[in-house]
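One structure is given below, encoded as structure tokens.
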Amino acid sequence: MKLLEIEALQTFYGKSQALFGVDLAVEEGEAVALMGRNGMGKTTTIRSICHLTPAREGNIKFAGKDITRMRPHRIARLGIGLVPEGRRCFPNLTVEENLLAAARPGKWTLSGVYALFPRLKERRGQYARTLSGGEQQMLAIGRALATNPRLVILDEATEGLAPVIRHDIWRAIRAIRAEGQSILIVDKTLSELLPVADRCVVLEKGRTVWTGAPDVLDAETQQRFLGV
């Protein structure tokens, strides 16, 4: 069953067009890697899914419902948990308050999030603004999970972090994946990204140009579209 389905998506920033025809799908229980060089439309696609930058043309469906024109808070309530680029925790709330603010009933309880990220349990009484960048990223992921979403969207979850923190976050992502969580993930570290992905979708200049399994994403295709 297609949990998320995007067809012919076109999105603009004012008069400037950013997406020219993105097609993408995430099946229930699937992990999809959204890939492409910088500036090719990955974050804009995510923002369009969540109606943070509304699409002008095309269709976005989630769990069979058309969400193309739906407001962001309603999309979140349907079961999309976003971990945005830049973290964006509530700085004047504690770690635990951040997690409880968005919590909804389900398998991801407070104790489950703390088991995934023991550092958060150690710092549960600290204000989010006092955390390191890596700890804030853990909190952003934990907060998304606390909503018990059907789909988690991770936009550059490990960018700019120290290697030891990156290791902890990738360990958590693998654990989330092992639980059967549906995931749409953007990350530049192919060595970590490809093993967790069931399928890859590559964007080039705001268009979907390649879709396939990680094991058929050969070196020539990587060089052509990803520059690696």
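Going by the structure tokens order, chains are called A, B, ..., each with residues numbered from 1, while ligands are numbered from 1 in the order shown.
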
Could you build a table of the residues in stretch 144-218 of chain A lying no more than 9 Å from stretch 18-31 of chain A, giving for each the nearest pair of atoms and their separation in Å rounded to one decimal place, using only C-alpha atoms, ordered by chain and ascending residue number, as a Markdown table?
```
| residue | atom | partner | partner_atom | distance |
| --- | --- | --- | --- | --- |
| A:Arg150 | CA | A:Glu28 | CA | 8.2 |
| A:Leu151 | CA | A:Glu28 | CA | 8.4 |
| A:Arg177 | CA | A:Ala31 | CA | 7.3 |
| A:Glu179 | CA | A:Gly29 | CA | 9.0 |
| A:Gly180 | CA | A:Gly29 | CA | 5.2 |
| A:Gln181 | CA | A:Gly29 | CA | 5.5 |
| A:Ser182 | CA | A:Gly29 | CA | 4.4 |
| A:Ile183 | CA | A:Ala31 | CA | 4.5 |
| A:Leu184 | CA | A:Ala31 | CA | 5.9 |
| A:Ile185 | CA | A:Ala31 | CA | 7.5 |
| A:Val196 | CA | A:Ala31 | CA | 6.9 |
| A:Ala197 | CA | A:Ala31 | CA | 5.0 |
| A:Asp198 | CA | A:Ala31 | CA | 5.4 |
| A:Arg199 | CA | A:Ala31 | CA | 6.8 |
| A:Cys200 | CA | A:Ala31 | CA | 8.8 |
| A:Val201 | CA | A:Leu24 | CA | 7.0 |
| A:Leu203 | CA | A:Val22 | CA | 7.7 |
| A:Lys205 | CA | A:Leu19 | CA | 7.4 |
| A:Gly206 | CA | A:Leu19 | CA | 4.1 |
| A:Arg207 | CA | A:Val22 | CA | 4.9 |
| A:Thr208 | CA | A:Val22 | CA | 5.0 |
| A:Val209 | CA | A:Val22 | CA | 8.7 |
| A:Thr211 | CA | A:Leu24 | CA | 8.6 |
```

How about saving the chosen residues, N, CA and C atoms kept, as a compact mmCIF listing (two decimals), in the first residue's frame?
```
# COMPACT_ATOMS: atom_id res chain seq x y z
N ARG A 150 2.94 7.69 11.33
CA ARG A 150 2.99 6.59 10.36
C ARG A 150 4.21 6.74 9.45
N LEU A 151 4.63 7.99 9.22
CA LEU A 151 5.79 8.28 8.37
C LEU A 151 6.67 9.29 9.08
N ARG A 177 14.25 1.84 11.89
CA ARG A 177 13.96 1.09 10.66
C ARG A 177 13.62 -0.36 10.99
N GLU A 179 12.15 -1.47 13.45
CA GLU A 179 10.80 -1.53 14.02
C GLU A 179 9.73 -1.52 12.94
N GLY A 180 10.13 -1.37 11.67
CA GLY A 180 9.16 -1.33 10.58
C GLY A 180 8.59 0.04 10.32
N GLN A 181 9.24 1.08 10.87
CA GLN A 181 8.78 2.45 10.69
C GLN A 181 8.98 2.89 9.24
N SER A 182 7.96 3.50 8.65
CA SER A 182 8.08 4.09 7.31
C SER A 182 8.91 5.37 7.42
N ILE A 183 9.87 5.51 6.51
CA ILE A 183 10.81 6.63 6.60
C ILE A 183 11.05 7.22 5.21
N LEU A 184 11.11 8.56 5.15
CA LEU A 184 11.64 9.28 4.00
C LEU A 184 12.83 10.06 4.52
N ILE A 185 14.01 9.79 3.97
CA ILE A 185 15.22 10.33 4.57
C ILE A 185 16.13 10.98 3.53
N VAL A 196 20.21 1.50 4.85
CA VAL A 196 18.91 1.54 5.53
C VAL A 196 17.76 1.74 4.54
N ALA A 197 18.08 2.02 3.28
CA ALA A 197 17.05 2.34 2.30
C ALA A 197 16.59 1.10 1.53
N ASP A 198 15.28 1.01 1.32
CA ASP A 198 14.72 0.01 0.42
C ASP A 198 14.75 0.49 -1.03
N ARG A 199 14.66 1.82 -1.17
CA ARG A 199 14.57 2.40 -2.50
C ARG A 199 15.14 3.81 -2.46
N CYS A 200 15.67 4.24 -3.61
CA CYS A 200 16.25 5.58 -3.73
C CYS A 200 15.48 6.36 -4.80
N VAL A 201 15.28 7.63 -4.53
CA VAL A 201 14.68 8.56 -5.50
C VAL A 201 15.66 9.72 -5.65
N LEU A 203 16.73 13.39 -7.34
CA LEU A 203 16.25 14.62 -7.96
C LEU A 203 17.39 15.33 -8.67
N LYS A 205 17.61 19.12 -10.61
CA LYS A 205 16.99 20.39 -11.01
C LYS A 205 15.48 20.36 -10.84
N GLY A 206 15.04 19.84 -9.68
CA GLY A 206 13.63 19.88 -9.34
C GLY A 206 12.77 18.83 -10.02
N ARG A 207 13.40 17.80 -10.59
CA ARG A 207 12.66 16.73 -11.24
C ARG A 207 13.16 15.37 -10.74
N THR A 208 12.29 14.40 -10.72
CA THR A 208 12.70 13.03 -10.43
C THR A 208 13.35 12.45 -11.69
N VAL A 209 14.62 12.04 -11.53
CA VAL A 209 15.35 11.55 -12.71
C VAL A 209 15.76 10.09 -12.58
N THR A 211 14.88 6.35 -10.09
CA THR A 211 14.29 5.63 -8.96
C THR A 211 14.72 4.18 -9.06
```

Item checked: Who sits within 12 Å of A:Leu193, only C-alpha atoms, same chain under 6 positions skipped, as a PyMOL selection string -> chain A and resi 31-35+154+156-158+166+169-171+173-174+177+183-187+199-200+214

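Nearest residue to A:Gln137, choosing from A:His167, A:Arg56, A:Arg124, A:Arg87 and counting only C-alpha atoms: A:Arg87.
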
Margin query: I'd like the contact shell of stretch 62-77 of chain A - 7 Å cut-off, only C-alpha atoms, skipping same-chain residues fewer than 3 positions apart - returned as a PyMOL selection string.
Written below: chain A and resi 3-5+50-52+55+59+80-81

Notebook entry, point to check: Got a sec to tell me which of stretch 109-225 of chain A DSSP assigns to strand (DSSP E or B), as a count of residues only?
Noted result: 23

Next item on the list: List the neighbours of A:Ile165 out to 6 Å using only C-alpha atoms; skip same-chain residues closer than 3 positions along the sequence, and give me the result as a list in words.
Entry: Gly134, Ala162 and Asp168 of chain A

Could you turn the residues from that selection into a file that holds C-alpha atoms, as a short mmCIF file (atom, residue, chain, number, x, y, z; two decimals), in the first residue's frame?
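Saved to selection.cif:
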```
data_model
loop_
_atom_site.label_atom_id
_atom_site.label_comp_id
_atom_site.auth_asym_id
_atom_site.auth_seq_id
_atom_site.Cartn_x
_atom_site.Cartn_y
_atom_site.Cartn_z
CA GLY A 134 23.96 16.72 18.34
CA ALA A 162 30.68 15.26 15.21
CA ASP A 168 24.66 7.47 17.61
#
```

Name the residues of stretch 122-184 of chain A that fall into alpha helix (DSSP H) according to DSSP on the backbone, using the chain letters and numbers of this document, as a compact mmCIF listing (two decimals) with C-alpha atoms, in the first residue's frame.
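Listed below is the output, states-v2.txt:
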```txt
# COMPACT_ATOMS: atom_id res chain seq x y z
CA GLU A 122 20.39 12.17 31.28
CA GLY A 133 23.87 20.51 18.37
CA GLY A 134 23.96 16.72 18.34
CA GLU A 135 21.78 16.46 21.41
CA GLN A 136 19.29 18.88 19.87
CA GLN A 137 19.17 16.65 16.80
CA MET A 138 18.45 13.64 18.99
CA LEU A 139 15.69 15.65 20.64
CA ALA A 140 14.22 16.62 17.27
CA ILE A 141 14.10 12.96 16.23
CA GLY A 142 12.70 11.91 19.60
CA ARG A 143 10.02 14.59 19.42
CA ALA A 144 8.94 13.38 15.96
CA LEU A 145 8.77 9.79 17.21
CA ALA A 146 6.76 10.85 20.27
CA PRO A 163 31.47 11.67 14.15
CA VAL A 164 30.54 10.14 17.52
CA ILE A 165 27.12 11.86 17.43
CA ARG A 166 26.60 10.86 13.81
CA HIS A 167 27.28 7.26 14.84
CA ASP A 168 24.66 7.47 17.61
CA ILE A 169 22.05 8.96 15.30
CA TRP A 170 22.62 6.39 12.55
CA ARG A 171 22.37 3.65 15.17
CA ALA A 172 19.01 5.11 16.19
CA ILE A 173 17.83 5.36 12.59
CA ARG A 174 18.70 1.71 12.02
CA ALA A 175 16.79 0.79 15.18
CA ILE A 176 13.76 2.79 14.03
CA ARG A 177 13.96 1.09 10.66
CA ALA A 178 14.12 -2.34 12.32
```

Check: Quick one, how far is atom CA of A:Leu82 from atom CA of A:Arg224?
Finding: 29.2 Å

Quick one: residues within 8 Å of A:Leu100, only C-alpha atoms, excluding same-chain residues fewer than 2 positions away - as a compact mmCIF listing (two decimals) with N, CA and C atoms, in the first residue's frame?
```txt
# COMPACT_ATOMS: atom_id res chain seq x y z
N GLU A 96 12.35 17.03 28.36
CA GLU A 96 11.12 16.26 28.58
C GLU A 96 9.88 17.02 28.15
N GLU A 97 9.86 18.32 28.37
CA GLU A 97 8.72 19.14 27.93
C GLU A 97 8.61 19.15 26.41
N ASN A 98 9.76 19.21 25.72
CA ASN A 98 9.74 19.12 24.25
C ASN A 98 9.10 17.83 23.79
N ALA A 102 4.44 17.31 22.08
CA ALA A 102 3.89 16.77 20.83
C ALA A 102 3.43 15.33 20.95
N ALA A 103 3.55 14.75 22.14
CA ALA A 103 3.30 13.31 22.31
C ALA A 103 1.87 12.91 22.02
N LEU A 110 7.61 7.91 26.19
CA LEU A 110 8.75 8.66 26.70
C LEU A 110 9.91 7.73 27.03
N ARG A 143 11.30 13.87 19.42
CA ARG A 143 10.02 14.59 19.42
C ARG A 143 9.13 14.12 18.28
N ALA A 146 7.75 10.77 19.20
CA ALA A 146 6.76 10.85 20.27
C ALA A 146 5.35 11.14 19.74
```

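Residue nearest A:Ser132 within the list A:Leu226, A:Cys89, A:Ala101, A:Leu78: A:Cys89 [criterion: smallest interatomic distance, only C-alpha atoms].
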
Margin query: Applying 10 Å and only C-alpha atoms, which residues near A:Arg37 remain after dropping the ones on its own chain fewer than 4 positions away? List them as a list in words.
Written below: Gly41, Lys42, Lys188, Val202, Leu203, Glu204, Lys205, Phe225, Leu226, Gly227 and Val228 of chain A

Next item on the list: Could you check how far atom CA of A:Gly14 sits from atom CA of A:Thr53, in Å to one decimal?
Entry: 10.2 Å

Margin query: If I take atom CA of A:Trp108 and atom CA of A:Arg123, how far is one from the other in Å, to one decimal?
Written below: 18.7 Å

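Compared by their closest atoms to A:Asn148, and using only C-alpha atoms, the residues A:Pro84, A:Gly112, A:Gly36, A:Pro105 rank with A:Pro105 nearest.
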